[in-house]
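Chemist: Take a look at the following structure, please.
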Amino acid sequence: MDKNNIKKQNVYISEEEKTLNWEDIQNSFKKTFGNEIYTSWLEKISLEKEYNDYLILGVPTRFFRDWIVSRYLDKILEQVKSFKLSLNRIEFKIIEENKNTNDFKIDELNKVTQIKDSILNYNRLNNSLNFESFVKGKSNEIALSYSKKVCEHLSRYNPLYICGGVGLGKTHLLNAIGLELQPENNVMFISAERFMYHFIKSIKKNDMVNFKDFFRKSSVFIIDDIQFIRGKESLQEEFFHTFNSLMDKGSQIIISADRIPIKLDRVQERIKSRLAGGLVVDIEVPDLELKTKIINKKLLEIQNQFKENIQLNDDVINYIANESKTNIRELIGILNRVIAFSRVHNKILSVNDCKNILKDVFSQTKVITVDKIQNVVSNFFNIPLNEMLSQRRSRPLARPRQIAMYLAKKMTTRSLPEIGRRFANRDHTTVIHAVKTITRLSEQDDEMKKNINQIKSLLLDQ
Ligand code: ADP
Ligand code: MG
């Protein structure tokens, strides 16, 4: 991992990863764009950094970048997407010759002298995340309808606050709003994390004036994942002022978060009340109908985009929709995996094939509950569950009980008091004692270690 991608002053930037072969992609550019365009432009583009959902490409000059962006960007993105479906944007970095381009840090400081230039790259909206590609269902129809209304009546619902769990379509809706309002309005679309990044950069460069100007001049300000500001006092301060000055001049503000405003702990009260002061809408977990619709829509998109006919049986579609419970991003990820497999093997898949393909995906996302742990542990030691939970202290009951408590602590997100309650209302100190005891025993005692591992794998396999 690149040192620049780790935590930087509390700014978390996604991890770098390397899966693409740039040479292959260059070859495909040559085919798609033809020799002439290829040698004049595309050949000079280098792959600087690769992340799960975006790339940073290197270009020699600013002019070069603008030319590419205005003429070829969509096609380039489409092309690289065929190598990696999770990509959804491309950013450019200008790499002048005769500078030490290996030293990203120095390079970055010198190059990004104006906030405007650096933001330009991040402020790009993703053209495919529009209202048309957003499938309506019971869980999102209110959020969708107000997202559309806000575009028709700017400043009527201000701010519009869209909340919901991960992967349910918040960023998609925000993007769609941005696309709809562009270019007539001066749209700023940024994640709270990026906002922080620029904020810190501006402080370091002593350039707050520029920063303030830049954000405050937008007429539509869209900020994604506002929960990121939790616990960051100076960022909250800056956000509060930006928010107020935008509201004062009548700009429309749209915000997304993973929870409702009052649940934003470690955020100043005055900010919470501002956030809740317009309209709050939420997106709920999708039902089977919506998931099925999304799968069918994605299949259609692939057919249109790649001129490829991918067929999935209804029972396979149903299986995928049922397996992925609460997250549309995950649903699409699973679908992509199944499609990739059917492409390679060129056959119509059965539910059993799918089960095999997805085995490891589901075991990673499997939800382990305290109930499940109690059942598996009591079965494993062959003792009745009610006895395991009872107040009796004989060792054949007490050890399994402690093991179950230990696993509940290690394998679920439940707190100690919650776990205690689930074990016939025991005190949390009993749970602490159990965790300590079993931790110690599993280090000293091979038998204990073996049992714990076996129980763990039973839990993960189920
Ligand atoms: P969030 O920001 O809430 O975590 P995203 O907006 O990133 O979620 O959505 C995750 C993925 O699911 C994206 O690829 C998005 O396009 C897709 N998605 C979510 N909801 C829908 C929907 N209703 N119709 C089509 N695609 C959707
Ligand atoms: Mg998002």
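Order determines the names: the first chain of the structure tokens is A, the second B, and so forth; residues in each chain are numbered 1 upward, and ligands are numbered 1 upward as they are shown.
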Which residues are near ligand 2 in this structure, taking near to mean any atom at most 8 Å from a ligand atom and counting only C-alpha atoms and all ligand atoms? Format them as an MDAnalysis selection string.
Modeler: chainID A and resid 166:167 169:172 224:225 256
Chemist: Residues contacting ligand 1 - anything with an atom at most 7 Å away, using only C-alpha atoms and all ligand atoms - can you give me those as a list in words?
Modeler: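 Using only C-alpha atoms and all ligand atoms, I find these residues within 7 Å of ligand 1: Leu129, Ser133, Phe134, Val135, Lys136, Gly137, Asn140, Gly164, Gly165, Val166, Gly167, Leu168, Gly169, Lys170, Thr171, His172, Leu173, Ile294, Ile328, Arg329 and Ile332 of chain A.
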Chemist: Compare A:His433, A:Lys355, A:Lys201, A:Lys456 by their minimum atom-to-atom distance to Val376 (chain A), counting only C-alpha atoms, and give me the closest one.
Modeler: A:Lys456
Chemist: Can you tell me, as a ChimeraX atom specification, what residues are no more than 8 Å from region 405-408 of chain A when counting only C-alpha atoms, ignoring any on the same chain fewer than 6 positions away?
Modeler: /A:369-370,373,414,419,423,431,434-435,438-439
Chemist: Please produce an output containing all heavy atoms for each residue in the selection, written as an mmCIF file, in the first residue's frame.
Modeler:
```
data_model
loop_
_atom_site.group_PDB
_atom_site.id
_atom_site.type_symbol
_atom_site.label_atom_id
_atom_site.label_comp_id
_atom_site.auth_asym_id
_atom_site.auth_seq_id
_atom_site.Cartn_x
_atom_site.Cartn_y
_atom_site.Cartn_z
ATOM 1 N N THR A 369 -25.184 -14.660 15.051
ATOM 2 C CA THR A 369 -25.947 -14.092 16.165
ATOM 3 C C THR A 369 -25.629 -14.835 17.456
ATOM 4 O O THR A 369 -25.099 -15.947 17.429
ATOM 5 C CB THR A 369 -27.461 -14.221 15.905
ATOM 6 O OG1 THR A 369 -27.759 -15.620 15.785
ATOM 7 C CG2 THR A 369 -27.865 -13.535 14.615
ATOM 8 N N VAL A 370 -26.002 -14.201 18.566
ATOM 9 C CA VAL A 370 -25.782 -14.838 19.862
ATOM 10 C C VAL A 370 -26.584 -16.147 19.931
ATOM 11 O O VAL A 370 -26.086 -17.175 20.397
ATOM 12 C CB VAL A 370 -26.183 -13.884 21.011
ATOM 13 C CG1 VAL A 370 -26.022 -14.575 22.356
ATOM 14 C CG2 VAL A 370 -25.338 -12.618 20.968
ATOM 15 N N ILE A 373 -24.813 -18.887 18.140
ATOM 16 C CA ILE A 373 -23.652 -19.347 18.900
ATOM 17 C C ILE A 373 -24.100 -20.279 20.025
ATOM 18 O O ILE A 373 -23.544 -21.367 20.222
ATOM 19 C CB ILE A 373 -22.861 -18.140 19.462
ATOM 20 C CG1 ILE A 373 -22.227 -17.371 18.299
ATOM 21 C CG2 ILE A 373 -21.809 -18.587 20.470
ATOM 22 C CD1 ILE A 373 -21.583 -16.065 18.683
ATOM 23 N N ARG A 414 -22.281 -7.373 19.564
ATOM 24 C CA ARG A 414 -23.002 -7.101 20.815
ATOM 25 C C ARG A 414 -22.071 -6.638 21.935
ATOM 26 O O ARG A 414 -20.934 -7.093 22.044
ATOM 27 C CB ARG A 414 -23.710 -8.372 21.287
ATOM 28 C CG ARG A 414 -24.718 -8.883 20.300
ATOM 29 C CD ARG A 414 -26.094 -8.308 20.576
ATOM 30 N NE ARG A 414 -26.970 -8.538 19.456
ATOM 31 C CZ ARG A 414 -27.618 -7.576 18.806
ATOM 32 N NH1 ARG A 414 -27.468 -6.320 19.167
ATOM 33 N NH2 ARG A 414 -28.412 -7.864 17.810
ATOM 34 N N ILE A 419 -24.663 -9.094 25.896
ATOM 35 C CA ILE A 419 -24.380 -10.527 25.926
ATOM 36 C C ILE A 419 -24.814 -11.121 27.259
ATOM 37 O O ILE A 419 -25.476 -12.158 27.311
ATOM 38 C CB ILE A 419 -22.879 -10.795 25.670
ATOM 39 C CG1 ILE A 419 -22.522 -10.347 24.247
ATOM 40 C CG2 ILE A 419 -22.534 -12.265 25.864
ATOM 41 C CD1 ILE A 419 -21.042 -10.374 23.931
ATOM 42 N N PHE A 423 -27.605 -14.275 28.239
ATOM 43 C CA PHE A 423 -27.275 -15.491 28.986
ATOM 44 C C PHE A 423 -27.997 -15.448 30.323
ATOM 45 O O PHE A 423 -27.378 -15.273 31.383
ATOM 46 C CB PHE A 423 -25.760 -15.621 29.171
ATOM 47 C CG PHE A 423 -25.058 -16.095 27.921
ATOM 48 C CD1 PHE A 423 -24.770 -15.208 26.894
ATOM 49 C CD2 PHE A 423 -24.706 -17.423 27.752
ATOM 50 C CE1 PHE A 423 -24.141 -15.644 25.731
ATOM 51 C CE2 PHE A 423 -24.077 -17.872 26.599
ATOM 52 C CZ PHE A 423 -23.802 -16.979 25.578
ATOM 53 N N VAL A 431 -19.457 -11.870 31.955
ATOM 54 C CA VAL A 431 -19.020 -12.052 30.571
ATOM 55 C C VAL A 431 -17.526 -11.734 30.448
ATOM 56 O O VAL A 431 -16.769 -12.469 29.811
ATOM 57 C CB VAL A 431 -19.844 -11.154 29.602
ATOM 58 C CG1 VAL A 431 -19.475 -11.465 28.165
ATOM 59 C CG2 VAL A 431 -21.334 -11.336 29.816
ATOM 60 N N ALA A 434 -15.600 -14.590 31.671
ATOM 61 C CA ALA A 434 -15.630 -15.710 30.721
ATOM 62 C C ALA A 434 -14.645 -15.458 29.578
ATOM 63 O O ALA A 434 -13.877 -16.351 29.196
ATOM 64 C CB ALA A 434 -17.047 -15.885 30.182
ATOM 65 N N VAL A 435 -14.659 -14.241 29.045
ATOM 66 C CA VAL A 435 -13.788 -13.928 27.913
ATOM 67 C C VAL A 435 -12.324 -14.101 28.318
ATOM 68 O O VAL A 435 -11.527 -14.713 27.610
ATOM 69 C CB VAL A 435 -14.050 -12.492 27.397
ATOM 70 C CG1 VAL A 435 -13.025 -12.092 26.339
ATOM 71 C CG2 VAL A 435 -15.454 -12.374 26.826
ATOM 72 N N ILE A 438 -11.467 -17.944 28.872
ATOM 73 C CA ILE A 438 -11.348 -18.733 27.640
ATOM 74 C C ILE A 438 -10.157 -18.269 26.802
ATOM 75 O O ILE A 438 -9.460 -19.076 26.192
ATOM 76 C CB ILE A 438 -12.658 -18.691 26.818
ATOM 77 C CG1 ILE A 438 -13.833 -19.205 27.657
ATOM 78 C CG2 ILE A 438 -12.529 -19.510 25.538
ATOM 79 C CD1 ILE A 438 -13.669 -20.637 28.171
ATOM 80 N N THR A 439 -9.890 -16.967 26.821
ATOM 81 C CA THR A 439 -8.724 -16.474 26.087
ATOM 82 C C THR A 439 -7.462 -17.136 26.635
ATOM 83 O O THR A 439 -6.621 -17.628 25.891
ATOM 84 C CB THR A 439 -8.583 -14.937 26.243
ATOM 85 O OG1 THR A 439 -9.811 -14.338 25.861
ATOM 86 C CG2 THR A 439 -7.472 -14.382 25.361
#
```
Chemist: In Å, rounded to a single decimal, give me how far CA of Ala404 (chain A) is from CA of Gln454 (chain A).
Modeler: 12.9 Å
Chemist: Counting only C-alpha atoms, which residues of region 325-394 of chain A fall within 12 Å of region 281-292 of chain A, and what is the closest atom pair for each with its distance in Å at one decimal, ordered by chain and rising number, as a Markdown table?
Modeler:
```
| residue | atom | partner | partner_atom | distance |
| --- | --- | --- | --- | --- |
| A:Lys325 | CA | A:Pro286 | CA | 8.0 |
| A:Thr326 | CA | A:Val285 | CA | 5.5 |
| A:Asn327 | CA | A:Val285 | CA | 7.3 |
| A:Ile328 | CA | A:Lys291 | CA | 7.5 |
| A:Arg329 | CA | A:Lys291 | CA | 10.8 |
| A:Glu330 | CA | A:Lys291 | CA | 10.9 |
| A:Leu331 | CA | A:Lys291 | CA | 7.7 |
| A:Ile332 | CA | A:Lys291 | CA | 9.4 |
| A:Ile334 | CA | A:Lys291 | CA | 12.0 |
| A:Leu335 | CA | A:Lys291 | CA | 10.9 |
```
Chemist: What separation in Å, quoted to one decimal, exists between CA of Asp24 (chain A) and CA of Gln303 (chain A)?
Modeler: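 Between CA of Asp24 (chain A) and CA of Gln303 (chain A) the gap is 23.1 Å.
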Chemist: For a quick check of understanding, using only C-alpha atoms, which of A:Gln268, A:Ser128, A:Ser82, A:Thr413 has the smallest distance to Ser234 (chain A)?
Modeler: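 Smallest distance to Ser234 (chain A) is found for A:Gln268.
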Chemist: Please report, as JSON, numbers by chain, each residue of region 118-297 of chain A to which DSSP assigns strand (DSSP E) when run on this structure's backbone.
Modeler: {"A": [160, 161, 162, 163, 187, 188, 189, 190, 191, 220, 221, 222, 223, 224, 252, 253, 254, 255, 256, 257, 279, 280, 281, 282]}
